[in-house]
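Scroll down for the structure; my scribbles are underneath it.
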Amino acid sequence: MAPGVWLLRGIPPYAINEYLVEDVLIDTGTRWAGRRLLRTLRRRRVSLVALTHCHPDHRGSAAPLCRTLGVPLACHEADAAVMEGRQPMHPRLPWPRLTAPLIDAGPYPVERVLREGDEVAGFRVVHAPGHTMGHVIYFRASDRLAIAGDVLANINFITGRPGLREPPRVFSIDPALNRASARLLLSLGPSVVCFGHGPPLRNPDLLERFVKRLRGSGSPRPLGERGRG
């Protein structure tokens, strides 16, 4: 992806993404991704598992990976209680709560609590709530690379084709606040955006066009790499 940054190969490609940044694993996929990730990382040193947010398709194998690798877990302070099982996963949103037992390996202690402005492997932690209240973007100023989690997706969840879109409203605790976080992402001026779902975006103009349309009412039509839905 960029110096020191790898997008780990998933099945199917780009459906659920995990990233290795130097010696930090960012996001862990579902509980079923654990063995694949251990195989991928068997020749790499990992010192930390860090999450963009606490949904089960991003934290799903965090517990067994941290136990097996003997490394701490990091997430934002606003998601820590959910990650540790001290609070339910969005009681107002049924889908994350109902799907969790199928794809999530369970809670795990958060040893490193992240806050706005912290640094993880050379990336600044940018609090970007809305999808979850503790959602973060990891941003590296030197090459303007953003690991944006689920603030936006770059894939059609049915066809698998690339295209920018908002996360489904049934999975976001505050869709309006998530739109504000999408504008925050744009304000960082990223040259490359890596998503939790979908291939990386290397066209900043496309991101700008999509996010500016979020200021209107309703949901914008998804934009593909050539500017078409």
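Ordered as shown in the structure tokens, chains take letters A, B, and onward, while each chain numbers its residues from 1 and ligands are numbered from 1 in the order shown.
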
Counting only C-alpha atoms, give me one row per residue of range 61-164 of chain A with an atom at most 9 Å from an atom of range 49-57 of chain A, showing the shortest contact pair and its distance in Å to one decimal, sorted by chain then residue number, as JSON lines.
{"residue": "A:Ser61", "atom": "CA", "partner": "A:Pro56", "partner_atom": "CA", "distance": 8.5}
{"residue": "A:Ala62", "atom": "CA", "partner": "A:Val49", "partner_atom": "CA", "distance": 7.3}
{"residue": "A:Leu65", "atom": "CA", "partner": "A:Val49", "partner_atom": "CA", "distance": 8.3}
{"residue": "A:Cys66", "atom": "CA", "partner": "A:Val49", "partner_atom": "CA", "distance": 7.0}
{"residue": "A:Val71", "atom": "CA", "partner": "A:Val49", "partner_atom": "CA", "distance": 7.0}
{"residue": "A:Pro72", "atom": "CA", "partner": "A:Val49", "partner_atom": "CA", "distance": 6.4}
{"residue": "A:Leu73", "atom": "CA", "partner": "A:Val49", "partner_atom": "CA", "distance": 4.9}
{"residue": "A:Ala74", "atom": "CA", "partner": "A:Ala50", "partner_atom": "CA", "distance": 4.5}
{"residue": "A:Cys75", "atom": "CA", "partner": "A:Leu51", "partner_atom": "CA", "distance": 5.2}
{"residue": "A:His76", "atom": "CA", "partner": "A:His53", "partner_atom": "CA", "distance": 7.5}
{"residue": "A:Asp79", "atom": "CA", "partner": "A:Cys54", "partner_atom": "CA", "distance": 6.1}
{"residue": "A:Ala80", "atom": "CA", "partner": "A:Cys54", "partner_atom": "CA", "distance": 8.1}
{"residue": "A:Val82", "atom": "CA", "partner": "A:Cys54", "partner_atom": "CA", "distance": 7.0}
{"residue": "A:Met83", "atom": "CA", "partner": "A:Cys54", "partner_atom": "CA", "distance": 6.0}
{"residue": "A:Met89", "atom": "CA", "partner": "A:His55", "partner_atom": "CA", "distance": 7.9}
{"residue": "A:Pro96", "atom": "CA", "partner": "A:His55", "partner_atom": "CA", "distance": 6.9}
{"residue": "A:Arg97", "atom": "CA", "partner": "A:Pro56", "partner_atom": "CA", "distance": 8.8}
{"residue": "A:Thr99", "atom": "CA", "partner": "A:Pro56", "partner_atom": "CA", "distance": 7.8}
{"residue": "A:Ala100", "atom": "CA", "partner": "A:Pro56", "partner_atom": "CA", "distance": 5.5}
{"residue": "A:Pro101", "atom": "CA", "partner": "A:Pro56", "partner_atom": "CA", "distance": 8.6}
{"residue": "A:Leu102", "atom": "CA", "partner": "A:Pro56", "partner_atom": "CA", "distance": 9.0}
{"residue": "A:Ile103", "atom": "CA", "partner": "A:Pro56", "partner_atom": "CA", "distance": 6.2}
{"residue": "A:Asp104", "atom": "CA", "partner": "A:Pro56", "partner_atom": "CA", "distance": 5.0}
{"residue": "A:Ala105", "atom": "CA", "partner": "A:Pro56", "partner_atom": "CA", "distance": 8.3}
{"residue": "A:Gly106", "atom": "CA", "partner": "A:Pro56", "partner_atom": "CA", "distance": 8.6}
{"residue": "A:Arg112", "atom": "CA", "partner": "A:Ala50", "partner_atom": "CA", "distance": 8.8}
{"residue": "A:Val120", "atom": "CA", "partner": "A:Ala50", "partner_atom": "CA", "distance": 8.3}
{"residue": "A:His131", "atom": "CA", "partner": "A:His53", "partner_atom": "CA", "distance": 8.3}
{"residue": "A:Thr132", "atom": "CA", "partner": "A:His53", "partner_atom": "CA", "distance": 6.6}
{"residue": "A:Met133", "atom": "CA", "partner": "A:His53", "partner_atom": "CA", "distance": 8.4}
{"residue": "A:Gly134", "atom": "CA", "partner": "A:His53", "partner_atom": "CA", "distance": 6.1}
{"residue": "A:His135", "atom": "CA", "partner": "A:His53", "partner_atom": "CA", "distance": 4.6}
{"residue": "A:Val136", "atom": "CA", "partner": "A:Thr52", "partner_atom": "CA", "distance": 5.1}
{"residue": "A:Ile137", "atom": "CA", "partner": "A:Thr52", "partner_atom": "CA", "distance": 6.5}
{"residue": "A:Tyr138", "atom": "CA", "partner": "A:Thr52", "partner_atom": "CA", "distance": 7.8}
{"residue": "A:Ile147", "atom": "CA", "partner": "A:Thr52", "partner_atom": "CA", "distance": 8.3}
{"residue": "A:Ala148", "atom": "CA", "partner": "A:Thr52", "partner_atom": "CA", "distance": 7.5}
{"residue": "A:Gly149", "atom": "CA", "partner": "A:Thr52", "partner_atom": "CA", "distance": 5.5}
{"residue": "A:Asp150", "atom": "CA", "partner": "A:Thr52", "partner_atom": "CA", "distance": 8.0}

message: Excluding Gly70 in chain A and its own-chain neighbours fewer than 6 positions away, which residues fall within 12 Å of it when counting only C-alpha atoms? Please give them as a ChimeraX atom specification.
response: /A:45-49,62-64,111

Kindly export the residues of the current selection with N, CA and C atoms, as a CSV table (one decimal), in the first residue's frame.
chain,number,residue,atom,x,y,z
A,45,ARG,N,6.8,-9.8,13.3
A,45,ARG,CA,6.6,-9.5,14.7
A,45,ARG,C,5.4,-8.5,14.8
A,46,VAL,N,4.5,-8.8,15.7
A,46,VAL,CA,3.4,-7.9,16.0
A,46,VAL,C,3.5,-7.5,17.5
A,47,SER,N,3.4,-6.2,17.7
A,47,SER,CA,3.5,-5.7,19.1
A,47,SER,C,2.2,-5.2,19.6
A,48,LEU,N,1.2,-4.9,18.8
A,48,LEU,CA,-0.1,-4.3,19.2
A,48,LEU,C,-1.2,-4.7,18.2
A,49,VAL,N,-2.4,-4.9,18.7
A,49,VAL,CA,-3.6,-5.0,17.9
A,49,VAL,C,-4.4,-3.7,18.2
A,62,ALA,N,-10.0,-10.4,17.6
A,62,ALA,CA,-9.1,-9.7,18.5
A,62,ALA,C,-8.7,-10.5,19.7
A,63,ALA,N,-9.7,-11.0,20.4
A,63,ALA,CA,-9.4,-11.8,21.6
A,63,ALA,C,-8.4,-12.9,21.4
A,64,PRO,N,-8.7,-13.9,20.5
A,64,PRO,CA,-7.8,-15.0,20.3
A,64,PRO,C,-6.4,-14.6,19.7
A,111,GLU,N,-5.9,-2.8,26.9
A,111,GLU,CA,-4.8,-2.4,27.7
A,111,GLU,C,-4.3,-1.0,27.3

query: When DSSP works through the backbone of this structure, what residues of range 75-229 of chain A end up as helix (DSSP H, G or I), shown as a PyMOL selection string?
result: chain A and resi 77-83+94-103+169-171+175-187+204-213

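Considering the residues A:Gln87, A:Ala153, A:Thr159, A:Cys194 and counting only C-alpha atoms, Phe139 in chain A has its shortest atom-to-atom contact with A:Cys194.
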
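Distances to Ala182 in chain A were evaluated for A:Ile155, A:Leu8, A:Leu206, A:Ala128 using only C-alpha atoms, and the minimum falls at A:Ala128.
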
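Across the structure, CA of Asn156 in chain A and CA of Val126 in chain A are spaced 25.8 Å apart.
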
- request: Output as an NGL selection string all residues of chain A that backbone DSSP marks as strand (DSSP E or B).
  value: :A and (2 or 5-7 or 19-21 or 24-26 or 48-50 or 73-76 or 112-114 or 119-120 or 123-127 or 136-140 or 145-147 or 153 or 164-165 or 192-194 or 201 or 223)

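Nearest to Asp23 in chain A of all the residues A:Arg144, A:Arg169, A:Arg43, A:Arg209 is A:Arg43, based on only C-alpha atoms.
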